[in-house]
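J.: So here's start.cif, just mmCIF, C-alpha atoms:
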data_target
#
loop_
_atom_site.label_atom_id
_atom_site.label_comp_id
_atom_site.auth_asym_id
_atom_site.auth_seq_id
_atom_site.Cartn_x
_atom_site.Cartn_y
_atom_site.Cartn_z
CA ALA F 1459 95.41 126.84 171.46
CA GLU F 1460 97.61 129.13 169.34
CA ARG F 1461 100.07 126.29 168.71
CA ASP F 1462 97.24 123.96 167.70
CA ILE F 1463 95.84 126.52 165.24
CA ALA F 1464 99.30 127.12 163.77
CA GLY F 1465 99.88 123.39 163.60
CA ILE F 1466 96.79 122.76 161.48
CA SER F 1467 97.17 125.93 159.40
CA LEU F 1468 100.75 125.39 158.25
CA PRO F 1469 100.18 122.07 156.38
CA PHE F 1470 97.16 123.52 154.59
CA ALA F 1471 99.03 126.72 153.64
CA ALA F 1472 101.97 124.63 152.44
CA GLY F 1473 99.66 122.61 150.20
CA VAL F 1474 98.17 125.74 148.63
CA ALA F 1475 101.64 127.27 148.17
CA LEU F 1476 102.92 124.09 146.50
CA THR F 1477 100.01 124.10 144.06
CA THR F 1478 100.52 127.79 143.26
CA TRP F 1479 104.20 127.15 142.56
CA ALA F 1480 103.37 124.16 140.33
CA GLY F 1481 100.44 125.84 138.56
CA HIS F 1482 102.06 125.50 135.13
CA LEU F 1483 102.30 121.72 135.58
CA ILE F 1484 98.60 121.55 136.40
CA CYS F 1485 97.77 123.42 133.20
CA LEU F 1486 99.93 120.98 131.21
CA HIS F 1487 98.43 117.86 132.81
CA PRO F 1488 94.86 118.71 133.87
CA HIS F 1489 93.63 115.12 133.58
CA ILE F 1490 96.27 113.90 136.03
CA SER F 1491 95.31 116.69 138.43
CA LEU F 1492 91.62 115.81 138.17
CA THR F 1493 92.44 112.15 138.81
CA PHE F 1494 94.38 113.22 141.88
CA ILE F 1495 91.38 115.16 143.19
CA LEU F 1496 88.96 112.26 142.72
CA SER F 1497 91.40 109.77 144.25
CA ALA F 1498 92.01 111.99 147.28
CA ILE F 1499 88.26 112.39 147.84
CA ALA F 1500 87.73 108.62 147.57
CA LEU F 1501 90.57 107.92 150.03
CA SER F 1502 89.19 110.53 152.45
CA VAL F 1503 85.75 108.92 152.41
CA ALA F 1504 87.29 105.47 152.91
CA PHE F 1505 89.38 106.69 155.85
CA LEU F 1506 86.44 108.41 157.48
CA SER F 1507 84.26 105.34 157.02
CA HIS F 1508 86.78 102.80 158.34
CA PRO F 1509 86.97 102.16 162.10
CA ILE F 1510 90.80 102.02 161.95
CA HIS F 1511 90.97 105.42 163.66
CA ARG F 1512 90.09 103.75 166.95
CA SER F 1513 93.34 101.75 166.95
CA VAL F 1514 95.71 104.47 165.72
CA PRO F 1515 97.90 105.99 168.49
CA PRO F 1516 97.33 109.75 169.05
CA ALA F 1517 100.87 110.65 167.95
CA TYR F 1518 100.42 108.94 164.59
CA MET F 1519 96.91 110.36 164.28
CA ARG F 1520 98.35 113.88 164.46
CA ILE F 1521 100.70 113.05 161.60
CA VAL F 1522 97.81 111.65 159.57
CA ILE F 1523 95.76 114.81 160.23
CA CYS F 1524 98.64 117.06 159.11
CA ILE F 1525 99.06 115.04 155.93
CA CYS F 1526 95.32 115.25 155.25
CA LEU F 1527 95.37 119.02 155.79
CA GLY F 1528 98.28 119.32 153.38
CA PHE F 1529 96.31 117.40 150.77
CA CYS F 1530 93.29 119.64 151.43
CA GLY F 1531 95.47 122.65 150.60
CA ILE F 1532 96.66 120.97 147.41
CA LEU F 1533 93.07 120.12 146.48
CA CYS F 1534 91.98 123.73 146.94
CA GLY F 1535 94.76 125.02 144.70
CA ILE F 1536 94.31 122.35 142.05
CA THR F 1537 90.55 122.91 141.86
CA SER F 1538 91.04 126.63 141.29
CA GLU F 1539 93.64 126.01 138.59
CA ILE F 1540 91.60 123.32 136.79
CA LEU F 1541 88.45 125.45 136.58
CA SER F 1542 90.48 128.18 134.86
CA ILE F 1543 91.53 125.76 132.10
CA SER F 1544 89.47 125.69 128.92
CA GLY F 1545 88.48 122.39 127.40
CA PRO F 1546 86.64 119.42 128.86
CA PHE F 1547 86.58 120.99 132.33
CA THR F 1548 84.29 123.79 131.15
CA GLY F 1549 81.54 121.35 130.26
CA GLY F 1550 79.12 119.16 132.16
CA LEU F 1551 78.52 119.86 135.81
CA VAL F 1552 81.02 122.72 136.01
CA GLU F 1553 79.44 124.57 133.10
CA SER F 1554 75.95 124.02 134.53
CA ALA F 1555 77.05 125.34 137.92
CA LYS F 1556 78.65 128.40 136.33
CA ALA F 1557 75.41 129.00 134.42
CA ILE F 1558 73.55 129.05 137.74
CA GLY F 1559 75.95 131.74 138.99
CA THR F 1560 75.46 133.77 135.81
CA SER F 1561 71.67 133.45 135.97
CA THR F 1562 71.70 134.51 139.62
CA GLY F 1563 73.69 137.62 138.77
CA GLU F 1564 71.29 138.52 135.95
CA ALA F 1565 68.31 138.05 138.26
CA ILE F 1566 69.89 140.37 140.83
CA ASP F 1567 70.49 143.00 138.14
CA ARG F 1568 66.79 143.00 137.30
CA ILE F 1569 65.77 143.94 140.85
CA GLY F 1570 64.85 147.62 141.05
CA PHE F 1571 66.70 149.03 144.07
CA ARG F 1572 66.78 152.76 144.77
CA SER F 1573 70.56 152.94 144.88
CA PRO F 1574 72.31 152.07 141.61
CA TYR F 1575 75.09 150.35 143.58
CA THR F 1576 72.92 147.97 145.61
CA ASN F 1577 72.71 145.36 142.85
CA ALA F 1578 76.49 145.31 142.47
CA ILE F 1579 77.07 144.91 146.21
CA ILE F 1580 74.49 142.10 146.48
CA LYS F 1581 76.13 140.27 143.57
CA ALA F 1582 79.48 140.53 145.33
CA LEU F 1583 78.02 139.19 148.57
CA ILE F 1584 76.15 136.27 146.97
CA ILE F 1585 78.15 135.12 143.95
CA GLY F 1586 81.44 136.97 144.40
CA ASP F 1587 81.08 139.13 141.27
CA ARG F 1588 82.69 142.49 142.11
CA SER F 1589 83.09 143.71 138.52
CA ASP F 1590 80.25 146.26 138.77
CA ILE F 1591 81.27 147.84 142.09
CA PRO F 1592 82.70 151.35 141.59
CA LYS F 1593 86.22 151.98 142.84
CA ASP F 1594 85.05 154.54 145.39
CA ILE F 1595 82.68 151.98 146.98
CA THR F 1596 85.46 149.41 147.10
CA ARG F 1597 87.76 152.00 148.67
CA ALA F 1598 85.13 152.84 151.28
CA PHE F 1599 84.84 149.18 152.29
CA ARG F 1600 88.64 148.89 152.43
CA ASP F 1601 89.05 152.04 154.54
CA SER F 1602 86.41 150.84 156.98
CA GLY F 1603 88.14 147.47 157.35
CA ALA F 1604 85.19 145.59 155.89
CA SER F 1605 86.57 144.73 152.44
CA HIS F 1606 86.69 141.04 153.37
CA ILE F 1607 82.88 141.00 153.34
CA LEU F 1608 82.89 141.54 149.57
CA ALA F 1609 85.25 138.60 149.02
CA LEU F 1610 83.64 135.18 149.06
CA SER F 1611 85.06 133.04 151.83
CA GLY F 1612 84.21 130.21 154.14
CA LEU F 1613 81.98 132.60 156.06
CA HIS F 1614 79.53 132.79 153.16
CA LEU F 1615 79.41 129.01 152.70
CA GLY F 1616 79.14 128.58 156.48
CA ILE F 1617 76.03 130.78 156.51
CA ILE F 1618 74.49 128.73 153.70
CA TYR F 1619 75.38 125.55 155.60
CA GLY F 1620 73.72 126.84 158.75
CA ILE F 1621 70.57 127.78 156.84
CA LEU F 1622 70.42 124.32 155.25
CA VAL F 1623 70.90 122.54 158.57
CA LYS F 1624 68.12 124.54 160.23
CA GLY F 1625 65.87 124.50 157.18
CA LEU F 1626 66.07 120.71 156.80
CA SER F 1627 65.59 119.94 160.48
CA PHE F 1628 61.86 119.32 159.88
CA ILE F 1629 62.57 116.00 158.12
CA GLY F 1630 63.52 114.40 161.45
CA ASN F 1631 66.52 112.48 162.77
CA THR F 1632 65.92 108.98 161.50
CA SER F 1633 68.82 107.27 159.73
CA SER F 1634 67.30 107.81 156.27
CA ALA F 1635 66.47 111.45 157.09
CA GLN F 1636 70.04 112.13 158.20
CA ILE F 1637 71.43 110.61 155.00
CA LEU F 1638 69.01 112.68 152.91
CA ARG F 1639 69.88 115.87 154.81
CA SER F 1640 73.64 115.32 154.45
CA SER F 1641 73.25 114.53 150.73
CA VAL F 1642 71.25 117.71 150.09
CA ILE F 1643 73.72 119.81 152.10
CA ILE F 1644 76.79 118.43 150.31
CA LEU F 1645 75.17 118.73 146.86
CA THR F 1646 73.93 122.28 147.44
CA CYS F 1647 77.23 123.48 148.89
CA GLY F 1648 79.14 121.78 146.07
CA VAL F 1649 77.05 123.45 143.36
CA TYR F 1650 77.45 126.83 145.10
CA THR F 1651 81.22 126.28 145.26
CA LEU F 1652 81.40 125.63 141.51
CA ALA F 1653 78.93 128.40 140.64
CA THR F 1654 81.06 131.02 142.42
CA GLY F 1655 84.31 129.98 140.73
CA ALA F 1656 85.65 127.52 143.34
CA GLY F 1657 88.18 129.86 144.93
CA PRO F 1658 90.58 128.25 147.46
CA SER F 1659 88.74 129.64 150.49
CA ILE F 1660 85.37 128.37 149.26
CA VAL F 1661 86.80 124.97 148.33
CA ARG F 1662 88.42 124.74 151.77
CA ALA F 1663 85.07 125.40 153.47
CA PHE F 1664 83.33 122.86 151.24
CA LEU F 1665 85.95 120.23 152.01
CA PHE F 1666 85.41 120.63 155.73
CA ILE F 1667 81.63 120.52 155.28
CA PHE F 1668 82.01 117.37 153.19
CA ILE F 1669 84.35 115.77 155.73
CA GLY F 1670 82.17 116.82 158.65
CA GLU F 1671 78.97 115.43 157.16
CA THR F 1672 80.70 112.19 156.14
CA ALA F 1673 82.21 111.79 159.60
CA ARG F 1674 78.85 112.48 161.25
CA ARG F 1675 77.15 109.76 159.22
CA HIS F 1676 79.75 107.23 160.39
CA GLY F 1677 79.65 108.17 164.04
CA ARG F 1678 82.94 110.07 164.07
CA VAL F 1679 81.33 113.29 165.44
#
Turn the structure described in the file into structure tokens.

T.:
Amino acid sequence: AERDIAGISLPFAAGVALTTWAGHLICLHPHISLTFILSAIALSVAFLSHPIHRSVPPAYMRIVICICLGFCGILCGITSEILSISGPFTGGLVESAKAIGTSTGEAIDRIGFRSPYTNAIIKALIIGDRSDIPKDITRAFRDSGASHILALSGLHLGIIYGILVKGLSFIGNTSSAQILRSSVIILTCGVYTLATGAGPSIVRAFLFIFIGETARRHGRV
């Protein structure tokens, strides 16, 4: 099991590392990077939808999976870099999603908690904004070994995914209901990913949710 985990982790980590190293190239050619992201997503959907996987030998399938994981790592890094670039990428859907994150933070600030630090901690847990947390609170979380809770990760998106799956179970399991449920889940998780800044860990979780829901709709799961 340890070898399997290492085997799937290394290609992804290599993809993220490659993107970090080539970050200056992404800033110089953001349109090419965005085209790469859209093309990779389209190819992933086509691969998941095509029954070719049934005829691919297991040995070659492992190679394909490693390549896909490497591209997932590259996608995570590129997405983070692109969203930090000013210009056309700050408009449209991205800007609207960021506005949702900002509005959520402002709404949390208006809640009257007894402790003056509660609002700041809730903002960190929900939208990843840790700017208002005092240093002593951050140090207390770090000393207790719980600092990772304040950093948005796949855990947060996984919780949202679980809530959506359970909350939408009432619509049934017909073919149209399953398509509707998957569409709502992917859209909601995608908006949340953009609203919280699309960090690599969040993008990684969204990619796997996207791949999982797509595979489930085509009988791959």

J.: Nearest to Ile1566 of chain F among F:Thr1646, F:Asp1587, F:Gly1612, F:Ser1554, with distances taken over only C-alpha atoms: which residue is it?

T.: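 The answer is F:Asp1587, which sits nearest to Ile1566 of chain F.
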
J.: Give as a PyMOL selection string the set of residues within 12 Å of the point (74.8, 118.8, 149.0), where distances use the file's coordinates and only C-alpha atoms.

T.: chain F and resi 1615+1618-1619+1622-1623+1626+1637-1651+1664-1665+1667-1668+1671-1672

J.: As an exercise, work out the distance from atom CA of Phe1529 of chain F to atom CA of Gly1473 of chain F in Å and give it to one decimal place.

T.: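 Going from atom CA of Phe1529 of chain F over to atom CA of Gly1473 of chain F covers 6.2 Å.
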
J.: Going by the chain IDs and residue numbers used in this file, which residues fall under the PyMOL selection byres ((chain F and resi 1575) around 12)? Write them as a PyMOL selection string.

T.: chain F and resi 1566-1567+1569-1574+1576-1582+1588-1596

J.: What's the 8 Å shell around Gln1636 of chain F, counting all atoms listed in the file, without same-chain residues fewer than 5 positions away, as a list of chain:residue names?

T.: F:Gly1630, F:Asn1631, F:Arg1675

J.: Could you please determine the separation between atom CA of Ser1627 of chain F and atom CA of His1614 of chain F in Å, to one decimal place?

T.: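 These two atoms are separated by 20.3 Å.
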
J.: How many Å separate atom CA of Ala1565 of chain F from atom CA of Thr1654 of chain F?

T.: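 Result for atom CA of Ala1565 of chain F versus atom CA of Thr1654 of chain F: 15.1 Å, one decimal.
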
J.: When distances are computed from only C-alpha atoms, which of F:Ala1555, F:Thr1562, F:Leu1468, F:Phe1599 shows the smallest separation from Ile1523 of chain F?

T.: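 Among F:Ala1555, F:Thr1562, F:Leu1468, F:Phe1599, it is F:Leu1468 that comes nearest to Ile1523 of chain F.
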
J.: Determine the residue membership of the PyMOL selection byres ((chain F and resi 1556) around 8) for the file above and supply it as a VMD selection string.

T.: chain F and resid 1552 to 1555 1557 to 1560 1652 to 1655

J.: Could the residues in this selection be saved with C-alpha atoms as an mmCIF file, in the frame of the given file?

T.:
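part.cif written:
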data_model
loop_
_atom_site.group_PDB
_atom_site.id
_atom_site.type_symbol
_atom_site.label_atom_id
_atom_site.label_comp_id
_atom_site.auth_asym_id
_atom_site.auth_seq_id
_atom_site.Cartn_x
_atom_site.Cartn_y
_atom_site.Cartn_z
ATOM 1 C CA VAL F 1552 81.020 122.720 136.010
ATOM 2 C CA GLU F 1553 79.440 124.570 133.100
ATOM 3 C CA SER F 1554 75.950 124.020 134.530
ATOM 4 C CA ALA F 1555 77.050 125.340 137.920
ATOM 5 C CA ALA F 1557 75.410 129.000 134.420
ATOM 6 C CA ILE F 1558 73.550 129.050 137.740
ATOM 7 C CA GLY F 1559 75.950 131.740 138.990
ATOM 8 C CA THR F 1560 75.460 133.770 135.810
ATOM 9 C CA LEU F 1652 81.400 125.630 141.510
ATOM 10 C CA ALA F 1653 78.930 128.400 140.640
ATOM 11 C CA THR F 1654 81.060 131.020 142.420
ATOM 12 C CA GLY F 1655 84.310 129.980 140.730
#

J.: Looking at all atoms listed in the file, which of F:Ser1611, F:Thr1478, F:Ser1659, F:Ser1602 is the one that sits closest to Ile1584 of chain F?

T.: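 Closest candidate: F:Ser1611.
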
J.: Counting only C-alpha atoms, which of F:Ser1497, F:Leu1533, F:Ile1607, F:Cys1526 gets nearest to Ala1475 of chain F?

T.: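 Ranking F:Ser1497, F:Leu1533, F:Ile1607, F:Cys1526 by distance to Ala1475 of chain F, first place goes to F:Leu1533.
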
J.: Nearest to Ala1471 of chain F: which of F:Pro1658, F:Gly1616, F:Leu1610, F:Arg1674 is it, counting only C-alpha atoms?

T.: F:Pro1658
